[in-house]
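Heads up, the thing below is written out as structure tokens.
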Amino acid sequence: MASEVESCEGNETKGSMWDLDQKLDQPMDEEAGKLNNMYREKQFSAFLFLRLAFQSLGVVYGDLGTSPLYVFYNTFPHGIEDTEDIVGALSLIIYSLTLIPLLKYVFIVCRANDNGQGGTFALYSLLCRHAKVKIIPNQHRTDEELTTYSRSTFHEKSFPAKIKKWLEAHAFRRNTLLLIVLVGTCMVIGDGILTPAISVLSASGGIKVDHPKMSNDVVVLVAVFILVGLFSMQHYGTDRVGWLFAPIVLLWFLLIGGIGIFNIFTYDKSVLRAFSPVHMYRYFKRGGKEGWTSLGGIMLSITGTEALFADLSHFPVSTIQLAFTVVVFPCLLLAYSGQAAYLMLNKDHVADAFYRSIPDRIYWPVFIIATLAAVVASQATISATFSIIKQAHALGCFPRVKVVHTSKKFLGQIYIPDINWILMVLCIAVTAGFRNQSQIGNAYGTAVVIVMLVTTLLMTLIMLLVWHCHWALVLLFTFFSLVIECTYFSAVLFKINQGGWVPLVIAAAFLVIMYVWHYGTVKRYEFEMHSKVSMAWILGLGPSLGLVRVPGIGLVYTELASGVPHIFSHFITNLPAIHSVVVFVCVKYLPVYMVPAEERFLVKRIGPKNFHMFRCVARYGYKDLHKKDEEFEKKLFDNLFMFVRLESMMEGCSDSDEYSLYGQQTQQSREFLLHGNADTSTSTTNLTTSSANWIVPAAASSGSHGDTEVDELEFLSGCRDSGVVHIMGNTVVRARRESMIPKKIAIDYIYAFLRKICRENSVIFNVPHESLLNVGQVFYV
């Protein structure tokens with residue numbers, strides 16, 4: 001289906017009826033002037049730079065930092081036969097940490113952030129801005145003028161231009177790209193289940209080391225108790241205790257690094273020869289297939305790398321790089337080297353290598369810090385999961401769920417109750433079901449390596465379409481990334497029956513939910529696009545629309561950013577009256593991380609003035625949060641009144657018949673229009689509390705422009721005081737009779753069930769029940 005922008009082309013062949021619609025219901029023009037507020041890598045003072053790097057430890061590196069708890073046990077689940085295998089495994093760990101987290105993610109992938117936002121959806125939003133790959137065609141050229149809608153251009157005959165055309169040419173390719181993104185997203189959600197399970201269970205295992213006769217059931221029970229407490233405290237948010245995260249993680253890294261140095265000098269310094277890559281070759285030569293499959297355990301040393309990118313948040317990339325290169329990377333190398341040195345003389349202790357290698361004097365303090373570090377790591381992945389669900393909903397890929405804001409200072413801190421309890425149940429089921437680190441580690445490795453593969457594929461497109469890198473450089477990056485990650489993936493495949501199936505099942509369930517929801521949303525949007533009401537029909541009804549115009553304002557909610565929706569014709573053909581003022585409200589999400597508040601609303605008039613019909617488009621980014629939904633209606637009317645003022649002013653100095661005039665508006669004019677000026681006759685009416693005196697529409701057609709403006713403002717204000725009614729469609733979507741069976745199952749059962757259990761739009765916008773009017777209709781798609 002062609003996009004709305006493309007539908008405006010070739011108008012010569014559309015006929016006079018199309019011309020009439022375009023003149024009376026023109027495309028939206030930009031409301032706010034451009035502001036120079038794009039994300040940039042700002043210059044910081046040395047103190048602030050170090051402080052941000054310190055804070056990033058608690059947010060970004062918790063998951064990666066707790067890997068030493070379980071890596072060696074998952075690498076050698078059946079014990080160690082030859083101590084040379086320890087050196088080979090350590091060599092693999094060293095170069096895995098160097099190539100994937102350090103070189104690929106910290107210095108390359110993190111640069112592909114979307115105005116400071118990281119993760120799979122951030123990469124997808126970048127691609128959506130540089131190529132028309134978004135499935136729902138509700139974007140307009142004015143959206144590209146947003147200050148946060150940054151994108152680059154390239155020559156039409158260049159290689160990136162050819163890739164762009166190839167992507168846009170067929171819907172199958174766009175759907176495949178979306179499917180890849182959703183697979184990566186579902187695997188990240190799987191991380192949100194597996195990270196708390198393996199981190200907390202591994203940390204709790206320290207109890208058994210000091211008490212060897214203790215049953216494993218006690219360890220599992222302690223882990224479950226911690227997990228229940230962790231998920232139960234989510235609704236409080238991390239605002240109050242978040243300041244503790246960075247000190248805990250920093251102390252953790254310093255402890256494991258210091259213990260590593262102690263163990264190297266105490267047990268065996270020869271493990272440092274693992275820095276020679278030749279030991280990796282010897283490891284595979286000795287181990288054969290078993291050595292190859294052990295890569296599934298080695299790969300756990302880089303788990304948390306994807307969370308590093310997803311939790312990028314608003315930390316400058318340079319502070320992330322500093323924290324990793326100065327603290328995280330060296331401390332992890334020392335920790336793994338120390339454990340290897342200990343195992344060289346105590347290879348029978350591989351099951352509890354981390355805790356066994358701790359000096360007795362500091363055992364319990366380290367155990368406490370390890371447990372706290374595991375909780376911090378779990379918290380980071382849970383928060384990332386909430387954020388990903390919110391982003392998926394914004395792009396039309398997840399049902400509407402309740403989102404609670406847990407912080408007044410930081411809008412990014414959210415809590416989703418339904419998802420939280422689902423994660424808790426699944427996490428406890430995995431912990432209690434497997435009861436050991438090995439099988440959970442196999443599951444964890446499967447999820448992580450698939451996310452990395454998805455990131456590599458998306459980064460290939462980013463380097464071509466966004467960065468405009470030379471194809472040879474892109475090929476080099478893609479080749480080496482895929483060689484390393486496919487090697488790990490092949491090893492993980494051998495462990496599918498040993499727990500690796502868990503993330504696949506979890507991801508499959510979430511993938512069905514997300515893809516079916518997106519498919520149903522697209523089909524519903526396409527139906528509304530094709531069933532739009534002709535403006536000629538509206539004009540034929542006259543200013544009264546063939547009905548009694550009763551005092552009040554009707555807000556008709558629709559997903560269409562242009563045209564009169566089918567719900568309106570259904571409404572006026574079944575009821576004898578309509579409100580004096582009708583505003584079509586469209587809330588749409590754009591592939592940007594946020595829309596500035598002053599650029600959020602676009603307002604225009606539909607048809608002649610005496611029809612009193614307007615359109616308002618509210619635009620949001622995937623990170624924008626409806627923190628104060630109760631103000632939505634107030635802001636909408638502020639912008640509507642502002643539009644009337646500006647329109648009246650422009651009529652006196654322009655011959656243009658454009659109704660949308662906000663492209664010429666500046667921030668100063670915005671303040672002037674909102675607050676008025678005591679010395680100007682056109683600004684004497686307060687926009688939000690104007691007089692309720694009723695003005696007959698006919699009276700507004702005579703007199704000066706200033707009188708006309710004041711009269712219409714008083715008319716609108718009077719209608720607002722008379723009452724505002726929110727008109728929403730209570731739509732039932734059904735598959736056509738001739739549809740294939742898979743489509744009928746997807747639409748009639750899965751999509752219908754999801755719509756039944758998800759939140760209503762009226763709840764999301766806090767619409768008072770007494771002001772809500774649902775219009776029932778059935779769409780056959």
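Residue numbers start at 1 in each chain; chains themselves are named A, B, ... in the order of the structure tokens; ligands are numbered from 1 in the order shown.
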Could you build a table of the residues in stretch 348-398 of chain A lying no more than 9 Å from stretch 304-310 of chain A, giving for each the nearest pair of atoms and their separation in Å rounded to one decimal place, using only C-alpha atoms, ordered by chain and ascending residue number, as CSV?
```
residue,atom,partner,partner_atom,distance
A:Ala377,CA,A:Gly304,CA,8.7
A:Ala380,CA,A:Ala307,CA,8.0
A:Thr381,CA,A:Ala307,CA,6.9
A:Ala384,CA,A:Ala310,CA,6.9
A:Ile388,CA,A:Ala310,CA,8.8
```
Practice prompt. Would you kindly return, as a ChimeraX atom specification, each protein, DNA or RNA residue with an atom no farther than 9 Å from any atom of stretch 159-173 of chain A, considering only C-alpha atoms and excluding same-chain residues fewer than 3 positions away?
Written response: /A:1,130-133,135,154-156,176-178,461,464-466,468-471
With N, CA and C atoms retained, write the just-selected residues as an mmCIF file, in the first residue's frame.
```cif
data_model
loop_
_atom_site.group_PDB
_atom_site.id
_atom_site.type_symbol
_atom_site.label_atom_id
_atom_site.label_comp_id
_atom_site.auth_asym_id
_atom_site.auth_seq_id
_atom_site.Cartn_x
_atom_site.Cartn_y
_atom_site.Cartn_z
ATOM 1 N N MET A 1 0.842 -1.195 0.000
ATOM 2 C CA MET A 1 0.000 0.000 0.000
ATOM 3 C C MET A 1 0.875 1.241 0.000
ATOM 4 N N HIS A 130 15.625 7.040 7.242
ATOM 5 C CA HIS A 130 16.477 7.140 6.056
ATOM 6 C C HIS A 130 15.957 6.314 4.882
ATOM 7 N N ALA A 131 14.939 5.527 5.109
ATOM 8 C CA ALA A 131 14.296 4.751 4.041
ATOM 9 C C ALA A 131 12.841 4.524 4.421
ATOM 10 N N LYS A 132 11.984 4.417 3.429
ATOM 11 C CA LYS A 132 10.553 4.231 3.682
ATOM 12 C C LYS A 132 10.272 2.756 3.946
ATOM 13 N N VAL A 133 10.681 2.311 5.130
ATOM 14 C CA VAL A 133 10.505 0.911 5.493
ATOM 15 C C VAL A 133 9.470 0.733 6.586
ATOM 16 N N ILE A 135 5.992 0.178 8.126
ATOM 17 C CA ILE A 135 4.867 -0.541 7.534
ATOM 18 C C ILE A 135 3.598 0.307 7.545
ATOM 19 N N PHE A 154 21.955 11.309 0.430
ATOM 20 C CA PHE A 154 23.052 10.789 -0.380
ATOM 21 C C PHE A 154 22.660 10.881 -1.846
ATOM 22 N N HIS A 155 23.648 10.752 -2.705
ATOM 23 C CA HIS A 155 23.440 10.887 -4.134
ATOM 24 C C HIS A 155 22.555 9.765 -4.659
ATOM 25 N N GLU A 156 21.703 10.092 -5.626
ATOM 26 C CA GLU A 156 20.719 9.129 -6.117
ATOM 27 C C GLU A 156 21.359 7.899 -6.747
ATOM 28 N N THR A 176 10.151 -8.371 6.230
ATOM 29 C CA THR A 176 11.265 -9.194 6.705
ATOM 30 C C THR A 176 12.143 -8.406 7.669
ATOM 31 N N LEU A 177 12.414 -7.137 7.332
ATOM 32 C CA LEU A 177 13.204 -6.282 8.220
ATOM 33 C C LEU A 177 12.508 -6.117 9.566
ATOM 34 N N LEU A 178 11.195 -5.875 9.532
ATOM 35 C CA LEU A 178 10.440 -5.744 10.779
ATOM 36 C C LEU A 178 10.497 -7.038 11.581
ATOM 37 N N LEU A 461 23.042 -2.202 7.608
ATOM 38 C CA LEU A 461 22.200 -1.209 6.934
ATOM 39 C C LEU A 461 22.473 0.198 7.456
ATOM 40 N N LEU A 464 25.514 1.654 5.868
ATOM 41 C CA LEU A 464 25.305 2.020 4.468
ATOM 42 C C LEU A 464 24.395 3.237 4.320
ATOM 43 N N LEU A 465 23.227 3.207 4.963
ATOM 44 C CA LEU A 465 22.204 4.236 4.740
ATOM 45 C C LEU A 465 22.389 5.468 5.609
ATOM 46 N N VAL A 466 22.953 5.308 6.796
ATOM 47 C CA VAL A 466 23.068 6.439 7.733
ATOM 48 C C VAL A 466 24.475 7.015 7.752
ATOM 49 N N HIS A 468 26.943 6.148 5.535
ATOM 50 C CA HIS A 468 27.465 6.220 4.168
ATOM 51 C C HIS A 468 28.896 5.703 4.091
ATOM 52 N N CYS A 469 29.172 4.614 4.807
ATOM 53 C CA CYS A 469 30.505 4.021 4.766
ATOM 54 C C CYS A 469 30.750 3.343 3.417
ATOM 55 N N HIS A 470 31.988 3.220 3.063
ATOM 56 C CA HIS A 470 32.339 2.521 1.828
ATOM 57 C C HIS A 470 31.931 1.050 1.950
ATOM 58 N N TRP A 471 31.456 0.491 0.851
ATOM 59 C CA TRP A 471 30.936 -0.873 0.902
ATOM 60 C C TRP A 471 31.989 -1.877 1.354
#
```
Worksheet item: Residues at most 9 Å from A:Phe275, counting only C-alpha atoms, excluding those fewer than 4 positions away in the same chain, as a PyMOL selection string?
Response: chain A and resi 90-91+94-95+271+279
Mind writing the picked residues with N, CA and C atoms as a PDB file, in the first residue's frame?
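Generated output (selection.pdb):
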```
ATOM      1  N   LEU A  90      40.606 -19.570  28.889  1.00  0.00           N
ATOM      2  CA  LEU A  90      40.904 -18.188  29.281  1.00  0.00           C
ATOM      3  C   LEU A  90      41.285 -17.355  28.061  1.00  0.00           C
ATOM      4  N   SER A  91      42.034 -17.932  27.142  1.00  0.00           N
ATOM      5  CA  SER A  91      42.410 -17.224  25.916  1.00  0.00           C
ATOM      6  C   SER A  91      41.179 -16.867  25.091  1.00  0.00           C
ATOM      7  N   ILE A  94      39.420 -13.972  26.834  1.00  0.00           N
ATOM      8  CA  ILE A  94      40.129 -12.691  26.646  1.00  0.00           C
ATOM      9  C   ILE A  94      39.815 -12.095  25.281  1.00  0.00           C
ATOM     10  N   TYR A  95      39.891 -12.905  24.237  1.00  0.00           N
ATOM     11  CA  TYR A  95      39.686 -12.363  22.894  1.00  0.00           C
ATOM     12  C   TYR A  95      38.211 -12.153  22.573  1.00  0.00           C
ATOM     13  N   VAL A 271      49.227 -18.586  33.758  1.00  0.00           N
ATOM     14  CA  VAL A 271      47.976 -18.438  33.010  1.00  0.00           C
ATOM     15  C   VAL A 271      48.007 -17.200  32.117  1.00  0.00           C
ATOM     16  N   HIS A 279      46.890 -20.469  21.915  1.00  0.00           N
ATOM     17  CA  HIS A 279      46.261 -21.403  22.852  1.00  0.00           C
ATOM     18  C   HIS A 279      44.801 -21.679  22.495  1.00  0.00           C
TER      19      HIS A 279
END
```
Listing only residues of stretch 532-579 of chain A within 9 Å of stretch 600-608 of chain A, what is the closest atom pair and its distance in Å (to one decimal) for each, using only C-alpha atoms, sorted by chain and residue number ascending, as a Markdown table?
```
| residue | atom | partner | partner_atom | distance |
| --- | --- | --- | --- | --- |
| A:Met535 | CA | A:Gly607 | CA | 8.0 |
| A:Ile538 | CA | A:Gly607 | CA | 8.7 |
| A:Leu539 | CA | A:Gly607 | CA | 7.7 |
| A:Pro543 | CA | A:Pro608 | CA | 8.4 |
```
Given the selection you just returned, output its residues as a file containing C-alpha atoms, formatted as a compact mmCIF listing (two decimals), in the first residue's frame.
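Saved result, selection_1.txt, follows:
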```txt
# COMPACT_ATOMS: atom_id res chain seq x y z
CA MET A 535 -15.14 16.01 1.34
CA ILE A 538 -19.41 16.60 3.71
CA LEU A 539 -19.87 19.84 1.75
CA PRO A 543 -22.69 23.86 7.50
```
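Using only C-alpha atoms, the smallest distance between any of A:Leu493, A:Ile302, A:Leu254, A:Leu194 and A:Val327 comes from A:Leu254.
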Item to complete: Name all residues at most 10 Å from A:His393 (count only C-alpha atoms; drop same-chain ones fewer than 4 positions away) and give them as an NGL selection string.
Response: :A and (387-389 or 397-401 or 514 or 517-518 or 589 or 622)
Could you dump the residues just selected with N, CA and C atoms as a compact mmCIF listing (two decimals), in the first residue's frame?
```
# COMPACT_ATOMS: atom_id res chain seq x y z
N SER A 387 11.21 -0.70 29.01
CA SER A 387 11.44 0.33 27.99
C SER A 387 11.20 -0.22 26.58
N ILE A 388 11.63 -1.46 26.33
CA ILE A 388 11.45 -2.07 25.02
C ILE A 388 9.98 -2.31 24.73
N ILE A 389 9.23 -2.75 25.74
CA ILE A 389 7.79 -2.96 25.55
C ILE A 389 7.12 -1.63 25.19
N CYS A 397 3.57 -2.39 17.64
CA CYS A 397 3.94 -3.80 17.67
C CYS A 397 3.64 -4.48 18.99
N PHE A 398 2.88 -3.83 19.87
CA PHE A 398 2.55 -4.46 21.14
C PHE A 398 1.22 -3.89 21.63
N PRO A 399 0.37 -4.74 22.24
CA PRO A 399 -0.92 -4.25 22.73
C PRO A 399 -0.74 -3.15 23.78
N ARG A 400 -1.78 -2.33 23.92
CA ARG A 400 -1.74 -1.23 24.89
C ARG A 400 -1.74 -1.81 26.32
N VAL A 401 -0.77 -1.39 27.11
CA VAL A 401 -0.65 -1.85 28.49
C VAL A 401 -0.50 -0.64 29.40
N MET A 514 3.40 -9.96 19.16
CA MET A 514 3.81 -8.69 18.58
C MET A 514 3.49 -8.61 17.08
N TRP A 517 -0.36 -8.51 16.48
CA TRP A 517 -0.89 -7.19 16.84
C TRP A 517 -0.54 -6.16 15.75
N HIS A 518 0.69 -6.20 15.29
CA HIS A 518 1.10 -5.26 14.24
C HIS A 518 0.34 -5.53 12.95
N TYR A 589 2.61 7.94 16.44
CA TYR A 589 3.99 7.83 16.89
C TYR A 589 4.91 7.86 15.67
N TYR A 622 9.12 7.37 20.26
CA TYR A 622 9.00 6.08 20.93
C TYR A 622 9.44 6.12 22.39
```
Worksheet item: So which one's closest to A:Pro359, A:Phe262, A:Phe315, A:Tyr751, A:Tyr336? Using only C-alpha atoms, please.
Response: A:Phe262
Selection: 12 Å around A:Val505, only C-alpha atoms, excl. self and same-chain fewer than 4 positions, as a PDB file with N, CA, C and O atoms, in the first residue's frame:
```
ATOM      1  N   VAL A 183      12.293 -10.220  16.239  1.00  0.00           N
ATOM      2  CA  VAL A 183      13.002 -11.382  16.783  1.00  0.00           C
ATOM      3  C   VAL A 183      14.050 -10.916  17.784  1.00  0.00           C
ATOM      4  O   VAL A 183      14.169 -11.462  18.896  1.00  0.00           O
ATOM      5  N   CYS A 186      12.299  -9.703  20.943  1.00  0.00           N
ATOM      6  CA  CYS A 186      11.786 -10.807  21.769  1.00  0.00           C
ATOM      7  C   CYS A 186      12.908 -11.503  22.522  1.00  0.00           C
ATOM      8  O   CYS A 186      12.719 -11.950  23.664  1.00  0.00           O
ATOM      9  N   MET A 187      14.074 -11.592  21.907  1.00  0.00           N
ATOM     10  CA  MET A 187      15.213 -12.195  22.595  1.00  0.00           C
ATOM     11  C   MET A 187      15.700 -11.311  23.741  1.00  0.00           C
ATOM     12  O   MET A 187      16.147 -11.816  24.778  1.00  0.00           O
ATOM     13  N   ILE A 189      13.713  -9.440  25.494  1.00  0.00           N
ATOM     14  CA  ILE A 189      12.728  -9.714  26.545  1.00  0.00           C
ATOM     15  C   ILE A 189      13.076 -11.021  27.253  1.00  0.00           C
ATOM     16  O   ILE A 189      12.946 -11.140  28.485  1.00  0.00           O
ATOM     17  N   GLY A 190      13.548 -12.015  26.472  1.00  0.00           N
ATOM     18  CA  GLY A 190      14.003 -13.260  27.082  1.00  0.00           C
ATOM     19  C   GLY A 190      15.166 -13.029  28.033  1.00  0.00           C
ATOM     20  O   GLY A 190      15.259 -13.670  29.083  1.00  0.00           O
ATOM     21  N   LEU A 426       7.673 -16.252  34.940  1.00  0.00           N
ATOM     22  CA  LEU A 426       8.557 -16.989  34.034  1.00  0.00           C
ATOM     23  C   LEU A 426       9.954 -17.140  34.634  1.00  0.00           C
ATOM     24  O   LEU A 426      10.579 -18.204  34.500  1.00  0.00           O
ATOM     25  N   ALA A 443      20.412 -21.613  27.987  1.00  0.00           N
ATOM     26  CA  ALA A 443      19.287 -20.806  27.504  1.00  0.00           C
ATOM     27  C   ALA A 443      19.709 -19.355  27.313  1.00  0.00           C
ATOM     28  O   ALA A 443      19.367 -18.715  26.307  1.00  0.00           O
ATOM     29  N   THR A 446      21.812 -18.773  24.144  1.00  0.00           N
ATOM     30  CA  THR A 446      21.021 -18.787  22.911  1.00  0.00           C
ATOM     31  C   THR A 446      20.377 -17.428  22.653  1.00  0.00           C
ATOM     32  O   THR A 446      20.420 -16.913  21.528  1.00  0.00           O
ATOM     33  N   ALA A 447      19.801 -16.835  23.683  1.00  0.00           N
ATOM     34  CA  ALA A 447      19.133 -15.537  23.526  1.00  0.00           C
ATOM     35  C   ALA A 447      20.129 -14.450  23.154  1.00  0.00           C
ATOM     36  O   ALA A 447      19.882 -13.638  22.247  1.00  0.00           O
ATOM     37  N   ILE A 496      20.601 -26.931  22.411  1.00  0.00           N
ATOM     38  CA  ILE A 496      19.167 -26.626  22.353  1.00  0.00           C
ATOM     39  C   ILE A 496      18.375 -27.550  23.272  1.00  0.00           C
ATOM     40  O   ILE A 496      17.454 -27.119  23.980  1.00  0.00           O
ATOM     41  N   GLY A 499      18.445 -26.948  27.519  1.00  0.00           N
ATOM     42  CA  GLY A 499      17.980 -25.678  28.074  1.00  0.00           C
ATOM     43  C   GLY A 499      17.943 -24.560  27.064  1.00  0.00           C
ATOM     44  O   GLY A 499      17.297 -23.527  27.289  1.00  0.00           O
ATOM     45  N   GLY A 500      18.635 -24.738  25.937  1.00  0.00           N
ATOM     46  CA  GLY A 500      18.652 -23.689  24.921  1.00  0.00           C
ATOM     47  C   GLY A 500      17.312 -23.445  24.262  1.00  0.00           C
ATOM     48  O   GLY A 500      17.132 -22.421  23.589  1.00  0.00           O
ATOM     49  N   TRP A 501      16.373 -24.372  24.450  1.00  0.00           N
ATOM     50  CA  TRP A 501      15.043 -24.215  23.845  1.00  0.00           C
ATOM     51  C   TRP A 501      14.196 -23.174  24.584  1.00  0.00           C
ATOM     52  O   TRP A 501      13.222 -22.651  24.027  1.00  0.00           O
ATOM     53  N   ALA A 509       6.551 -17.041  21.614  1.00  0.00           N
ATOM     54  CA  ALA A 509       5.272 -16.579  22.164  1.00  0.00           C
ATOM     55  C   ALA A 509       5.134 -15.064  22.029  1.00  0.00           C
ATOM     56  O   ALA A 509       4.096 -14.562  21.569  1.00  0.00           O
ATOM     57  N   PHE A 510       6.179 -14.330  22.409  1.00  0.00           N
ATOM     58  CA  PHE A 510       6.126 -12.876  22.287  1.00  0.00           C
ATOM     59  C   PHE A 510       6.102 -12.431  20.826  1.00  0.00           C
ATOM     60  O   PHE A 510       5.469 -11.425  20.481  1.00  0.00           O
ATOM     61  N   LEU A 511       6.796 -13.190  19.960  1.00  0.00           N
ATOM     62  CA  LEU A 511       6.813 -12.839  18.537  1.00  0.00           C
ATOM     63  C   LEU A 511       5.423 -12.961  17.927  1.00  0.00           C
ATOM     64  O   LEU A 511       5.004 -12.112  17.128  1.00  0.00           O
ATOM     65  N   VAL A 512       4.702 -14.018  18.281  1.00  0.00           N
ATOM     66  CA  VAL A 512       3.328 -14.189  17.779  1.00  0.00           C
ATOM     67  C   VAL A 512       2.459 -13.018  18.232  1.00  0.00           C
ATOM     68  O   VAL A 512       1.704 -12.440  17.440  1.00  0.00           O
TER      69      VAL A 512
END
```
Item to complete: With a distance cut-off of 9 Å and only C-alpha atoms, select the neighbouring residues of stretch 250-253 of chain A, excluding the residue or stretch itself and same-chain residues fewer than 3 positions from it, and output the selection as a ChimeraX atom specification.
Response: /A:54,57-58,65-66,245-247,256-258,327-328,331-332,335,366,369-370,373
Worksheet item: Looking only at the backbone, which of the residues in stretch 470-646 of chain A does DSSP tag as strand (DSSP E or B), as a ChimeraX atom specification?
Response: /A:533,548-558,564,577-589,601-605,613-620
